[in-house]
Amino acid sequence: MMALSETWEKLCKDLKIPCGAVFEVIKERYGEAHRFYHGIAHVESLLKLLHDDFPTLGKDRAAIELALWFHDIVFDPHARDNEEKSVELMRSVIGKTLAPALERKVEDFILATKHDGPVTDPDAQLVVDIDLSTLGAPPEDFQRYSESIRKEYFWKPEAEYRQGRKATLLRFLNQSPLYHHLPLRHRFEAPAKRNLTEALAELRDVP
């Protein structure tokens, strides 16, 4: 958590936004007991990917990073408006310290992680690509991801869960290309399509 807090402090200084108090909100929200995948480790892995693996991609790197910090800060597995609520919470904790144009940009990037339609802004595409990097993880990591998602939706009957999960995975499988930016496409596209295909086969095989 120390390295993550230092990453947050650097972003705060760059954007001149509140630091310590907001980080406490971030830790509290991402530390909620019902999160098995959408927790702080998820955010940390995405930020690491942005900084360490793709350090030259994206035009407005600060906006991209801020969107990754907040894109899942509200997560209620029963709700369909988590991204909208995440935008609202970002507004409330950061207040008026962001320039209006930057605030709108970050909001758009967060809403793009709903993954429910085409994304045309290259920086928003990068946020989406990084958020979907888990789909192209090694098979054992993808399996852990799938198990964590099921835990977050433990309350859904198995047949209902499988139906919804199949629809989600099939939507990603049919998206071609899945990743907008070439470096992420080269790294994650083939493994993601393999993982999605195998996961769908397993879901169909379960009685």
# chains A, B, ... in the order shown; residues from 1 in each chain; ligands from 1
$ closest_atom_pairs --of "stretch 94-119 of chain A" --to "stretch 73-86 of chain A" --cutoff "8 Å" --atoms "only C-alpha atoms" --output "JSON lines"
{"residue": "A:Ile110", "atom": "CA", "partner": "A:Glu83", "partner_atom": "CA", "distance": 6.3}
{"residue": "A:Leu111", "atom": "CA", "partner": "A:Glu83", "partner_atom": "CA", "distance": 5.6}
{"residue": "A:Thr113", "atom": "CA", "partner": "A:Glu83", "partner_atom": "CA", "distance": 7.4}
{"residue": "A:Lys114", "atom": "CA", "partner": "A:Glu83", "partner_atom": "CA", "distance": 6.6}
$ closest_residue --among "A:Lys16, A:Arg144, A:Lys105, A:Arg61" --to "A:Ala199" --atoms "only C-alpha atoms"
A:Arg144
$ residues_around --residues "stretch 177-188 of chain A" --least-positions-apart "2" --cutoff "7 Å" --atoms "only C-alpha atoms" --output "PDB file with all heavy atoms, in the first residue's frame"
ATOM      1  N   GLN A 125     -10.082   5.097 -24.907  1.00  0.00           N
ATOM      2  CA  GLN A 125      -9.807   3.748 -25.394  1.00  0.00           C
ATOM      3  C   GLN A 125      -8.699   3.083 -24.593  1.00  0.00           C
ATOM      4  O   GLN A 125      -8.757   1.878 -24.307  1.00  0.00           O
ATOM      5  CB  GLN A 125      -9.417   3.798 -26.873  1.00  0.00           C
ATOM      6  CG  GLN A 125     -10.567   4.152 -27.801  1.00  0.00           C
ATOM      7  CD  GLN A 125     -10.120   4.321 -29.243  1.00  0.00           C
ATOM      8  OE1 GLN A 125      -8.926   4.482 -29.531  1.00  0.00           O
ATOM      9  NE2 GLN A 125     -11.068   4.281 -30.173  1.00  0.00           N
ATOM     10  N   LEU A 126      -7.701   3.870 -24.200  1.00  0.00           N
ATOM     11  CA  LEU A 126      -6.609   3.316 -23.404  1.00  0.00           C
ATOM     12  C   LEU A 126      -7.109   2.885 -22.024  1.00  0.00           C
ATOM     13  O   LEU A 126      -6.725   1.822 -21.516  1.00  0.00           O
ATOM     14  CB  LEU A 126      -5.472   4.329 -23.275  1.00  0.00           C
ATOM     15  CG  LEU A 126      -4.241   3.867 -22.491  1.00  0.00           C
ATOM     16  CD1 LEU A 126      -3.645   2.600 -23.109  1.00  0.00           C
ATOM     17  CD2 LEU A 126      -3.194   4.971 -22.434  1.00  0.00           C
ATOM     18  N   ASP A 129      -8.931  -0.327 -22.613  1.00  0.00           N
ATOM     19  CA  ASP A 129      -8.001  -1.417 -22.905  1.00  0.00           C
ATOM     20  C   ASP A 129      -7.327  -1.918 -21.636  1.00  0.00           C
ATOM     21  O   ASP A 129      -7.207  -3.132 -21.413  1.00  0.00           O
ATOM     22  CB  ASP A 129      -6.925  -0.948 -23.893  1.00  0.00           C
ATOM     23  CG  ASP A 129      -7.436  -0.818 -25.318  1.00  0.00           C
ATOM     24  OD1 ASP A 129      -8.605  -1.171 -25.564  1.00  0.00           O
ATOM     25  OD2 ASP A 129      -6.655  -0.349 -26.179  1.00  0.00           O
ATOM     26  N   SER A 133      -7.490  -5.654 -19.564  1.00  0.00           N
ATOM     27  CA  SER A 133      -6.258  -6.438 -19.680  1.00  0.00           C
ATOM     28  C   SER A 133      -6.372  -7.788 -18.973  1.00  0.00           C
ATOM     29  O   SER A 133      -5.730  -8.763 -19.386  1.00  0.00           O
ATOM     30  CB  SER A 133      -5.067  -5.651 -19.115  1.00  0.00           C
ATOM     31  OG  SER A 133      -5.258  -5.342 -17.736  1.00  0.00           O
ATOM     32  N   GLY A 136      -6.875 -10.948 -20.929  1.00  0.00           N
ATOM     33  CA  GLY A 136      -5.737 -11.541 -21.614  1.00  0.00           C
ATOM     34  C   GLY A 136      -4.664 -12.041 -20.671  1.00  0.00           C
ATOM     35  O   GLY A 136      -3.518 -12.244 -21.085  1.00  0.00           O
ATOM     36  N   PHE A 172     -17.633  -9.657 -25.413  1.00  0.00           N
ATOM     37  CA  PHE A 172     -16.207  -9.348 -25.550  1.00  0.00           C
ATOM     38  C   PHE A 172     -15.562 -10.218 -26.635  1.00  0.00           C
ATOM     39  O   PHE A 172     -14.732  -9.740 -27.410  1.00  0.00           O
ATOM     40  CB  PHE A 172     -15.482  -9.559 -24.221  1.00  0.00           C
ATOM     41  CG  PHE A 172     -15.790  -8.508 -23.186  1.00  0.00           C
ATOM     42  CD1 PHE A 172     -16.095  -8.863 -21.880  1.00  0.00           C
ATOM     43  CD2 PHE A 172     -15.770  -7.165 -23.511  1.00  0.00           C
ATOM     44  CE1 PHE A 172     -16.371  -7.894 -20.921  1.00  0.00           C
ATOM     45  CE2 PHE A 172     -16.036  -6.187 -22.567  1.00  0.00           C
ATOM     46  CZ  PHE A 172     -16.344  -6.558 -21.263  1.00  0.00           C
ATOM     47  N   GLN A 175     -16.207  -8.863 -30.068  1.00  0.00           N
ATOM     48  CA  GLN A 175     -15.674  -7.536 -30.372  1.00  0.00           C
ATOM     49  C   GLN A 175     -14.329  -7.700 -31.066  1.00  0.00           C
ATOM     50  O   GLN A 175     -13.396  -8.280 -30.511  1.00  0.00           O
ATOM     51  CB  GLN A 175     -15.508  -6.731 -29.075  1.00  0.00           C
ATOM     52  CG  GLN A 175     -15.082  -5.291 -29.304  1.00  0.00           C
ATOM     53  CD  GLN A 175     -15.062  -4.516 -28.002  1.00  0.00           C
ATOM     54  OE1 GLN A 175     -15.944  -4.670 -27.154  1.00  0.00           O
ATOM     55  NE2 GLN A 175     -14.044  -3.683 -27.825  1.00  0.00           N
ATOM     56  N   ALA A 190      -4.879 -12.159 -28.461  1.00  0.00           N
ATOM     57  CA  ALA A 190      -4.953 -13.614 -28.665  1.00  0.00           C
ATOM     58  C   ALA A 190      -5.221 -14.353 -27.355  1.00  0.00           C
ATOM     59  O   ALA A 190      -6.094 -15.230 -27.310  1.00  0.00           O
ATOM     60  CB  ALA A 190      -3.676 -14.119 -29.333  1.00  0.00           C
ATOM     61  N   PRO A 191      -4.491 -14.043 -26.261  1.00  0.00           N
ATOM     62  CA  PRO A 191      -4.798 -14.726 -24.999  1.00  0.00           C
ATOM     63  C   PRO A 191      -6.213 -14.456 -24.506  1.00  0.00           C
ATOM     64  O   PRO A 191      -6.864 -15.350 -23.956  1.00  0.00           O
ATOM     65  CB  PRO A 191      -3.769 -14.170 -24.016  1.00  0.00           C
ATOM     66  CG  PRO A 191      -2.719 -13.542 -24.826  1.00  0.00           C
ATOM     67  CD  PRO A 191      -3.304 -13.183 -26.142  1.00  0.00           C
ATOM     68  N   ALA A 192      -6.702 -13.230 -24.715  1.00  0.00           N
ATOM     69  CA  ALA A 192      -8.057 -12.905 -24.259  1.00  0.00           C
ATOM     70  C   ALA A 192      -9.085 -13.724 -25.025  1.00  0.00           C
ATOM     71  O   ALA A 192     -10.022 -14.278 -24.421  1.00  0.00           O
ATOM     72  CB  ALA A 192      -8.325 -11.413 -24.433  1.00  0.00           C
TER      73      ALA A 192
END
$ atom_distance --atom1 "atom CA of A:Tyr145" --atom2 "atom CA of A:Glu107"
26.1 Å
$ select_by_dssp --residues "stretch 31-196 of chain A" --states "helix (DSSP H, G or I)" --output "JSON, numbers by chain"
{"A": [40, 41, 42, 43, 44, 45, 46, 47, 48, 49, 50, 51, 52, 53, 61, 62, 63, 64, 65, 66, 67, 68, 69, 70, 82, 83, 84, 85, 86, 87, 88, 89, 90, 91, 92, 93, 94, 100, 101, 102, 103, 104, 105, 106, 107, 108, 109, 110, 111, 112, 122, 123, 124, 125, 126, 127, 128, 129, 130, 131, 133, 134, 135, 136, 139, 140, 141, 142, 143, 144, 145, 146, 147, 148, 149, 150, 151, 152, 158, 159, 160, 161, 162, 163, 164, 165, 166, 167, 168, 169, 170, 171, 172, 173, 174, 182, 183, 184, 185, 186, 187, 188, 189, 190, 191, 192, 193, 194, 195, 196]}
$ closest_residue --among "A:Lys96, A:Lys13, A:His71, A:Lys166" --to "A:Glu198" --atoms "only C-alpha atoms"
A:Lys166
$ residues_around --residues "A:Leu196" --least-positions-apart "6" --cutoff "8 Å" --atoms "only C-alpha atoms" --output "ChimeraX atom specification"
/A:135,169-170,172-173
$ write_last_selection --atoms "N, CA, C and O atoms" --output "mmCIF file, in the first residue's frame"
data_model
loop_
_atom_site.group_PDB
_atom_site.id
_atom_site.type_symbol
_atom_site.label_atom_id
_atom_site.label_comp_id
_atom_site.auth_asym_id
_atom_site.auth_seq_id
_atom_site.Cartn_x
_atom_site.Cartn_y
_atom_site.Cartn_z
ATOM 1 N N LEU A 135 -8.632 -9.879 -19.141
ATOM 2 C CA LEU A 135 -9.146 -10.906 -20.048
ATOM 3 C C LEU A 135 -8.016 -11.623 -20.777
ATOM 4 O O LEU A 135 -8.180 -12.771 -21.197
ATOM 5 N N LEU A 169 -19.318 -12.384 -21.634
ATOM 6 C CA LEU A 169 -18.103 -12.913 -22.261
ATOM 7 C C LEU A 169 -18.251 -13.005 -23.775
ATOM 8 O O LEU A 169 -17.297 -12.733 -24.515
ATOM 9 N N LEU A 170 -19.440 -13.365 -24.235
ATOM 10 C CA LEU A 170 -19.663 -13.459 -25.677
ATOM 11 C C LEU A 170 -19.570 -12.096 -26.346
ATOM 12 O O LEU A 170 -19.047 -11.970 -27.466
ATOM 13 N N PHE A 172 -17.633 -9.657 -25.413
ATOM 14 C CA PHE A 172 -16.207 -9.348 -25.550
ATOM 15 C C PHE A 172 -15.562 -10.218 -26.635
ATOM 16 O O PHE A 172 -14.732 -9.740 -27.410
ATOM 17 N N LEU A 173 -15.959 -11.479 -26.701
ATOM 18 C CA LEU A 173 -15.375 -12.380 -27.697
ATOM 19 C C LEU A 173 -15.693 -11.899 -29.113
ATOM 20 O O LEU A 173 -14.860 -11.993 -30.018
#
$ closest_residue --among "A:Phe109, A:Trp8, A:Phe23, A:Tyr161" --to "A:Asp60" --atoms "only C-alpha atoms"
A:Phe109
$ closest_residue --among "A:Asn195, A:Pro138, A:Glu24, A:Asp131" --to "A:Leu49" --atoms "only C-alpha atoms"
A:Asp131
$ closest_residue --among "A:Leu4, A:Val93, A:Ile149, A:Ala167" --to "A:Phe36" --atoms "only C-alpha atoms"
A:Ile149
$ closest_residue --among "A:Arg171, A:His38, A:Arg91, A:Arg150" --to "A:Gly117" --atoms "only C-alpha atoms"
A:Arg171
$ atom_distance --atom1 "atom CA of A:Ala99" --atom2 "atom CA of A:Lys59"
16.9 Å
